[in-house]
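**Student:** Take a look at coords_35.txt, compact mmCIF, C-alpha atoms and all ligand atoms:
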```
# COMPACT_ATOMS: atom_id res chain seq x y z
CA MET A 1 76.09 101.96 80.20
CA ASN A 2 73.45 104.40 79.09
CA THR A 3 71.68 101.97 76.74
CA PRO A 4 70.97 98.28 77.34
CA PHE A 5 73.76 96.06 76.14
CA ASP A 6 72.73 94.11 73.04
CA ALA A 7 75.06 91.12 72.94
CA ALA A 8 73.99 89.95 69.49
CA ALA A 9 74.50 93.37 67.92
CA ALA A 10 77.81 93.75 69.69
CA LEU A 11 79.02 90.39 68.45
CA ARG A 12 77.99 91.18 64.85
CA SER A 13 79.74 94.51 65.03
CA MET A 14 82.84 93.07 66.65
CA THR A 15 83.41 90.38 64.03
CA SER A 16 83.07 93.00 61.32
CA THR A 17 85.85 95.17 62.69
CA ALA A 18 88.19 93.05 64.78
CA SER A 19 90.25 91.72 61.90
CA GLU A 20 90.91 95.28 60.77
CA GLY A 21 92.08 96.34 64.18
CA GLY A 22 88.84 98.21 64.83
CA THR A 23 87.13 98.72 68.13
CA SER A 24 85.26 95.95 69.87
CA PRO A 25 81.77 96.74 71.19
CA ILE A 26 82.06 93.81 73.56
CA ARG A 27 85.31 95.06 75.04
CA ASP A 28 83.92 98.57 75.18
CA ALA A 29 80.72 97.42 76.90
CA SER A 30 82.66 95.50 79.51
CA PHE A 31 85.10 98.36 79.98
CA GLU A 32 82.31 100.91 80.43
CA ALA A 33 80.33 98.75 82.82
CA VAL A 34 83.29 98.13 85.10
CA ARG A 35 84.71 101.63 84.80
CA THR A 36 81.35 103.08 85.82
CA LEU A 37 81.04 100.69 88.74
CA VAL A 38 84.51 101.39 90.11
CA GLY A 39 84.35 105.10 89.33
CA ALA A 40 81.24 105.45 91.48
CA THR A 41 83.11 104.12 94.51
CA LEU A 42 86.15 106.40 94.37
CA SER A 43 84.67 109.01 96.69
CA LYS A 44 83.65 106.33 99.18
CA GLY A 45 87.15 105.21 100.10
CA PRO A 46 89.39 102.20 99.60
CA GLU A 47 87.15 99.52 101.07
CA ALA A 48 84.37 100.45 98.63
CA VAL A 49 86.80 100.43 95.71
CA ILE A 50 88.03 96.96 96.60
CA ALA A 51 84.51 95.64 97.20
CA ALA A 52 83.62 96.85 93.70
CA VAL A 53 86.02 94.27 92.27
CA GLY A 54 83.70 91.49 93.43
CA GLU A 55 80.71 93.29 91.95
CA ALA A 56 82.64 93.77 88.71
CA GLN A 57 83.41 90.05 88.54
CA ALA A 58 79.70 89.23 88.86
CA GLN A 59 78.68 91.89 86.36
CA VAL A 60 81.18 90.79 83.75
CA GLU A 61 80.27 87.12 84.17
CA ARG A 62 76.66 88.10 83.39
CA LEU A 63 77.83 89.93 80.28
CA TRP A 64 79.85 86.90 79.21
CA THR A 65 76.76 84.71 79.71
CA GLN A 66 74.83 87.06 77.41
CA VAL A 67 77.51 86.87 74.75
CA ARG A 68 77.72 83.07 74.91
CA ALA A 69 73.95 82.80 74.56
CA THR A 70 73.84 84.65 71.25
CA PRO A 71 73.23 82.45 68.21
CA ALA A 72 76.28 83.98 66.57
CA PHE A 73 78.52 82.77 69.35
CA ALA A 74 76.72 79.57 70.28
CA LEU A 75 76.47 78.34 66.69
CA GLY A 76 79.44 80.06 65.15
CA THR A 77 82.14 79.28 67.69
CA PRO A 78 83.74 75.91 68.28
CA LYS A 79 82.92 74.48 71.69
CA ALA A 80 85.57 75.16 74.31
CA ALA A 81 87.67 72.26 75.55
CA CYS A 82 87.82 74.02 78.93
CA GLY A 83 86.37 72.41 82.02
CA LYS A 84 87.08 71.34 85.56
CA GLY A 85 90.07 69.01 85.64
CA CYS A 86 91.80 70.77 82.78
CA GLY A 87 94.48 73.13 84.04
CA TRP A 88 97.28 73.41 81.50
CA CYS A 89 96.58 77.12 81.16
CA CYS A 90 97.45 77.49 84.85
CA HIS A 91 101.11 76.73 84.02
CA GLN A 92 101.74 80.31 82.97
CA ARG A 93 102.18 83.62 84.73
CA VAL A 94 98.88 85.34 85.41
CA GLY A 95 98.37 89.06 85.37
CA ALA A 96 95.89 90.94 87.52
CA THR A 97 95.16 94.48 88.55
CA ALA A 98 96.42 95.60 91.93
CA THR A 99 92.84 95.93 93.08
CA GLU A 100 91.99 92.35 92.09
CA VAL A 101 94.92 91.12 94.19
CA LEU A 102 93.84 93.20 97.18
CA TYR A 103 90.26 91.95 96.81
CA ILE A 104 91.32 88.30 96.56
CA ALA A 105 93.69 88.62 99.53
CA GLN A 106 90.92 90.10 101.64
CA ALA A 107 88.48 87.39 100.60
CA LEU A 108 90.95 84.59 101.29
CA ARG A 109 91.86 85.95 104.72
CA SER A 110 88.23 85.83 105.79
CA ARG A 111 87.26 82.59 104.04
CA PRO A 112 86.70 79.64 106.39
CA GLY A 113 88.90 76.72 105.43
CA ALA A 114 91.26 78.76 103.30
CA ALA A 115 94.24 78.35 105.65
CA PRO A 116 95.81 75.45 103.66
CA LEU A 117 95.59 77.51 100.47
CA VAL A 118 97.15 80.48 102.19
CA GLU A 119 99.98 78.24 103.41
CA ARG A 120 100.53 76.97 99.86
CA LEU A 121 100.73 80.55 98.69
CA LYS A 122 103.19 81.54 101.41
CA SER A 123 105.39 78.55 100.51
CA TRP A 124 105.43 79.44 96.81
CA ASN A 125 108.98 79.82 95.52
CA GLY A 126 108.42 80.84 91.92
CA GLY A 127 107.39 77.53 90.41
CA ARG A 128 104.53 76.56 88.15
CA PRO A 129 101.71 75.69 87.95
CA CYS A 130 99.71 78.20 89.93
CA VAL A 131 99.56 77.42 93.65
CA PHE A 132 95.76 77.46 93.46
CA LEU A 133 95.62 74.59 90.99
CA VAL A 134 94.64 71.64 93.19
CA ASP A 135 93.77 68.29 91.61
CA ASN A 136 93.79 70.10 88.27
CA ALA A 137 91.04 72.47 89.36
CA CYS A 138 91.16 76.09 90.43
CA SER A 139 90.63 76.23 94.19
CA ILE A 140 89.69 79.91 94.09
CA TYR A 141 87.43 79.61 91.07
CA ASP A 142 84.86 82.16 92.24
CA LEU A 143 87.60 84.67 93.05
CA ARG A 144 90.02 84.10 90.19
CA PRO A 145 91.36 87.10 88.27
CA MET A 146 89.72 88.41 85.10
CA LYS A 147 92.60 87.14 82.99
CA CYS A 148 91.89 83.58 84.15
CA ARG A 149 88.23 84.02 83.27
CA GLY A 150 88.99 85.02 79.70
CA VAL A 151 90.79 81.84 78.63
CA TYR A 152 88.92 79.87 76.00
CA GLN A 153 90.55 77.13 73.94
CA VAL A 154 89.14 74.57 71.60
CA ASP A 155 92.10 72.20 71.53
CA VAL A 156 93.64 71.27 74.85
CA ARG A 157 96.76 70.03 73.07
CA TRP A 158 97.55 73.62 72.17
CA CYS A 159 97.45 74.49 75.89
CA MET A 160 99.61 71.50 76.79
CA SER A 161 102.32 72.49 74.35
CA THR A 162 102.07 76.25 74.83
CA PHE A 163 101.65 76.61 78.57
CA ALA A 164 103.06 73.39 80.01
CA LYS A 165 105.71 72.99 77.27
CA LEU A 166 104.79 69.35 76.71
CA ASP A 167 104.93 67.48 73.44
CA ALA A 168 101.22 67.22 72.74
CA PRO A 169 100.30 64.06 70.78
CA LEU A 170 99.11 64.49 67.20
CA PHE A 171 98.94 68.24 67.49
CA GLY A 172 99.02 69.92 64.12
CA PRO A 173 98.69 73.61 63.21
CA ALA A 174 97.44 75.90 65.97
CA PRO A 175 93.70 76.55 65.77
CA SER A 176 92.60 79.92 64.49
CA PRO A 177 92.52 82.40 67.37
CA GLU A 178 89.26 83.94 66.10
CA PHE A 179 87.14 82.04 68.64
CA GLN A 180 89.08 83.70 71.45
CA LEU A 181 88.10 87.23 70.53
CA ALA A 182 84.79 87.43 72.38
CA PRO A 183 85.92 86.02 75.76
CA LYS A 184 89.18 87.91 75.60
CA ASP A 185 87.36 91.15 74.86
CA VAL A 186 84.87 90.66 77.68
CA PHE A 187 87.51 90.12 80.34
CA ASP A 188 90.24 92.38 78.95
CA GLY A 189 87.69 95.16 78.80
CA ALA A 190 86.95 94.50 82.46
CA VAL A 191 90.64 94.62 83.42
CA PHE A 192 90.99 98.05 81.94
CA GLY A 193 87.69 99.11 83.45
CA LEU A 194 89.10 98.23 86.87
CA ALA A 195 92.31 100.17 86.33
CA HIS A 196 91.12 103.19 84.37
CA PRO A 197 89.21 105.15 87.06
CA LEU A 198 92.11 104.75 89.47
CA HIS A 199 94.66 105.90 86.92
CA MET A 200 92.45 108.86 86.11
CA ALA A 201 92.26 109.72 89.80
CA GLY A 202 96.04 109.59 90.04
CA ARG A 203 96.06 106.39 92.06
CA ASP A 204 98.43 103.50 91.57
CA CYS A 205 96.73 100.46 90.04
CA PRO A 206 99.42 98.60 88.11
CA GLY A 207 99.14 95.30 86.39
CA VAL A 208 100.89 92.83 88.64
CA ASP A 209 102.11 89.26 88.57
CA PHE A 210 99.25 87.62 90.45
CA ILE A 211 100.93 85.06 92.68
CA PRO A 212 103.95 87.02 93.96
CA ALA A 213 101.77 90.10 94.40
CA LEU A 214 99.19 88.14 96.37
CA LYS A 215 101.87 86.50 98.47
CA ALA A 216 103.18 89.95 99.42
CA VAL A 217 99.85 91.11 100.86
CA ILE A 218 98.17 87.94 102.06
CA ASP A 219 99.21 88.51 105.69
CA ARG A 220 98.68 92.25 105.63
CA SER A 221 95.27 93.16 106.95
CA ASP A 222 96.27 96.80 106.43
CA ALA A 223 97.17 96.28 102.76
CA VAL A 224 94.14 98.08 101.33
CA GLN A 225 94.64 101.13 103.53
CA ALA A 226 98.38 101.12 102.83
CA TRP A 227 97.80 100.97 99.08
CA TRP A 228 95.31 103.81 99.29
CA ARG A 229 97.87 105.93 101.16
CA GLY A 230 100.25 105.36 98.26
CA ASP A 231 102.56 102.81 99.87
CA GLN A 232 104.20 100.30 97.54
CA VAL A 233 102.58 97.15 98.87
CA PHE A 234 103.76 94.93 96.01
CA PRO A 235 107.40 94.01 95.39
CA ALA A 236 109.00 95.76 92.43
CA GLU A 237 109.53 92.48 90.58
CA ALA A 238 105.77 91.75 90.71
CA ARG A 239 104.84 94.99 88.97
CA LEU A 240 104.09 94.71 85.25
CA HIS A 241 103.58 98.30 84.23
CA ASP A 242 103.57 97.58 80.54
CA TRP A 243 100.09 96.04 80.72
CA PHE A 244 98.61 99.29 81.92
CA PRO A 245 100.08 102.15 79.96
CA PRO A 246 99.27 105.58 81.31
CA VAL A 247 95.76 106.71 80.46
CA GLN A 248 94.49 110.01 79.19
CA ARG A 249 94.19 112.55 81.95
CA PRO A 250 92.75 116.04 81.52
CA GLY A 251 95.65 118.37 80.83
CA GLY A 252 98.17 115.54 80.82
CA GLY A 253 100.91 115.80 78.23
CA LYS A 254 102.51 112.38 78.26
CA ASP A 255 99.47 110.20 78.62
CA ARG A 256 98.37 107.52 76.24
CA LYS A 257 95.18 105.58 75.78
CA ALA A 258 94.55 102.49 77.93
CA ARG A 259 94.81 99.45 75.74
CA GLY A 260 96.65 96.17 76.02
CA HIS A 261 96.63 92.41 75.86
CA GLY A 262 98.14 89.38 77.47
CA ARG A 263 97.14 87.25 80.37
S1 LIG B 301 92.38 77.06 78.32
FE1 LIG B 301 93.19 75.05 77.72
S2 LIG B 301 94.10 74.17 79.55
FE2 LIG B 301 92.77 75.87 80.20
S3 LIG B 301 90.83 74.88 80.71
FE3 LIG B 301 90.72 75.57 78.55
S4 LIG B 301 91.38 73.80 77.32
FE4 LIG B 301 92.01 73.41 79.44
S1 LIG B 302 93.93 81.45 89.86
FE1 LIG B 302 92.92 79.53 89.32
S2 LIG B 302 92.43 79.72 87.11
FE2 LIG B 302 93.95 81.28 87.60
S3 LIG B 302 95.95 80.34 87.14
FE3 LIG B 302 95.53 79.98 89.33
S4 LIG B 302 94.53 77.97 89.42
FE4 LIG B 302 94.43 78.69 87.29
```
For this file, write the structure as structure tokens.

**Tutor:**
Amino acid sequence: MNTPFDAAAALRSMTSTASEGGTSPIRDASFEAVRTLVGATLSKGPEAVIAAVGEAQAQVERLWTQVRATPAFALGTPKAACGKGCGWCCHQRVGATATEVLYIAQALRSRPGAAPLVERLKSWNGGRPCVFLVDNACSIYDLRPMKCRGVYQVDVRWCMSTFAKLDAPLFGPAPSPEFQLAPKDVFDGAVFGLAHPLHMAGRDCPGVDFIPALKAVIDRSDAVQAWWRGDQVFPAEARLHDWFPPVQRPGGGKDRKARGHGR
């Protein structure tokens, strides 16, 4: 970012345009911050690119803290029902960038005490909830993908019925999704900031199904180098190309702008 990020101004601007399908300064700020961070590592090789994912997570969490602290958000947004011990949202498929998966695999391989989690992952056979949901809490909370970070709900019954397909008691009309805009924009912007520089450099950084993609590389200490060489390190069924449409490349004829939604 060339100018300091003003969370309050961004939030005011975002709420004035979002309902008309306009741009989101919050999403753009997050996108630019992460894109710049990752872009600066491209000439340094694959290990630097993957390490930048961790830096991006920290940077975007700081941005989200700024947004939450604004009076507009703090006073104008219903309090989230989210918290430790609440994991209905972990009963759905989670998307991540290829680089997030490679970063998380690397971190788990070197994390003391992570062996039981790795074994859970390797035993995964397609079921839900997420293998990392242990005692209704995320056991990789500090590493979790951007899409997991962007969830924000004010009525847990909506999550129970939507994600876990349970009959939630006394649940009426779904709450307005307006309160989700800011967190979604922060973390969706980051997802595209992770992918964009790699797409622009002609490198493969698809959106992938988090758990099967992670399972495929968890035992591969060479996964980062293999991905950088252009090997297909993720199984075809774990690739979700539609979340990352081709981006604009100089001189490219078929390319489209990077935009998208979904967890
Ligand atoms: S998104 Fe829903 S299920 Fe997930 S932590 Fe928040 S309230 Fe709980
Ligand atoms: S990684 Fe963590 S937050 Fe994300 S779905 Fe799995 S348990 Fe839930």

**Student:** Using all atoms listed in the file, determine which residues fall within 7 Å of ligand LIG 302 (chain B), then list them as a PDB file with C-alpha atoms, keeping the file's coordinate frame.

**Tutor:**
```
ATOM      1  CA  GLY A  87      94.480  73.130  84.040  1.00  0.00           C
ATOM      2  CA  CYS A  89      96.580  77.120  81.160  1.00  0.00           C
ATOM      3  CA  CYS A  90      97.450  77.490  84.850  1.00  0.00           C
ATOM      4  CA  VAL A  94      98.880  85.340  85.410  1.00  0.00           C
ATOM      5  CA  CYS A 130      99.710  78.200  89.930  1.00  0.00           C
ATOM      6  CA  VAL A 131      99.560  77.420  93.650  1.00  0.00           C
ATOM      7  CA  PHE A 132      95.760  77.460  93.460  1.00  0.00           C
ATOM      8  CA  LEU A 133      95.620  74.590  90.990  1.00  0.00           C
ATOM      9  CA  ALA A 137      91.040  72.470  89.360  1.00  0.00           C
ATOM     10  CA  CYS A 138      91.160  76.090  90.430  1.00  0.00           C
ATOM     11  CA  SER A 139      90.630  76.230  94.190  1.00  0.00           C
ATOM     12  CA  ILE A 140      89.690  79.910  94.090  1.00  0.00           C
ATOM     13  CA  TYR A 141      87.430  79.610  91.070  1.00  0.00           C
ATOM     14  CA  ARG A 144      90.020  84.100  90.190  1.00  0.00           C
ATOM     15  CA  PRO A 145      91.360  87.100  88.270  1.00  0.00           C
ATOM     16  CA  CYS A 148      91.890  83.580  84.150  1.00  0.00           C
TER      17      CYS A 148
END
```

**Student:** Between A:Pro112, A:Ser30, A:Gly127, A:Asp188, which residue has the minimum interatomic distance to A:Ala58, considering all atoms listed in the file?

**Tutor:**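 Selected residue with least distance to A:Ala58: A:Ser30.
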
**Student:** Can you find the residues with an atom no farther than 6 Å from (87.6, 74.0, 70.7), counting only C-alpha atoms, and report them as a list in words?

**Tutor:**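 The residues that fall inside the cut-off are Pro78, Lys79, Ala80, Ala81, Gln153, Val154 and Asp155 of chain A.
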
**Student:** Could you state the separation of atom CA of A:Phe187 and atom CA of A:Leu63 in Å, given to one decimal place?

**Tutor:** 9.7 Å

**Student:** From the list A:Phe163, A:Tyr103, A:Phe234, A:Phe5, which residue is nearest A:Arg128 when using only C-alpha atoms?

**Tutor:**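 Closest residue, counting only C-alpha atoms: A:Phe163.
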
**Student:** For each of A:Leu102, A:Cys82, A:Ala74, A:Met160, take the minimum atom-to-atom distance to ligand LIG 301 (chain B), counting only C-alpha atoms and all ligand atoms, then give the residue where this is smallest.

**Tutor:** A:Cys82

**Student:** Point out the residue among A:Ile211, A:Cys86, A:Ala8, A:Ala72 with the least atom-to-atom distance to ligand LIG 301 (chain B), counting only C-alpha atoms and all ligand atoms.

**Tutor:**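 Ranked by minimum distance to ligand LIG 301 (chain B), first place goes to A:Cys86.
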
**Student:** Please, what distance in Å, to one decimal, runs between atom CA of A:Met146 and atom CA of A:Ala96?

**Tutor:** 7.1 Å

**Student:** Find the residue from A:Lys184, A:Lys84, A:Arg120, A:Arg27 that sits nearest to A:Arg149; use only C-alpha atoms when measuring.

**Tutor:** A:Lys184

**Student:** So which residues are close to (100.5, 72.1, 72.1), meaning at most 10 Å away in the file's coordinates with only C-alpha atoms counted, and can you show them as a PyMOL selection string?

**Tutor:** chain A and resi 155-174

**Student:** Between atom CA of A:Thr65 and atom CA of A:Ala7, measure the distance and give it in Å to one decimal.

**Tutor:**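 Distance between the two atoms: 9.5 Å.
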
**Student:** Compare A:Phe179, A:Tyr152, A:Trp228, A:Trp124 by their minimum atom-to-atom distance to ligand LIG 301 (chain B), counting all atoms listed in the file, and give me the closest one.

**Tutor:**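 Checking each of A:Phe179, A:Tyr152, A:Trp228, A:Trp124 against ligand LIG 301 (chain B), counting all atoms listed in the file, the winner is A:Tyr152.
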
**Student:** Each residue of stretch 47-123 of chain A lying at most 8 Å from stretch 193-197 of chain A should get a row with its shortest atom-to-atom pair and the distance in Å to one decimal, counting all atoms listed in the file; could you produce that, ordered by chain and increasing number, as JSON lines?

**Tutor:**
```
{"residue": "A:Val53", "atom": "CA", "partner": "A:Leu194", "partner_atom": "CA", "distance": 7.4}
{"residue": "A:Thr97", "atom": "CA", "partner": "A:Ala195", "partner_atom": "CA", "distance": 6.7}
{"residue": "A:Thr99", "atom": "CA", "partner": "A:Leu194", "partner_atom": "CA", "distance": 7.6}
```

**Student:** Quick one: axis-aligned box around all listed atoms of stretch 87-102 of chain A, 8 Å on every side, centre and edge lengths in Å to one decimal, written as AutoDock Vina command-line options.

**Tutor:**
```
--center_x 97.1 --center_y 84.5 --center_z 89.2 --size_x 26.2 --size_y 38.8 --size_z 32.0
```
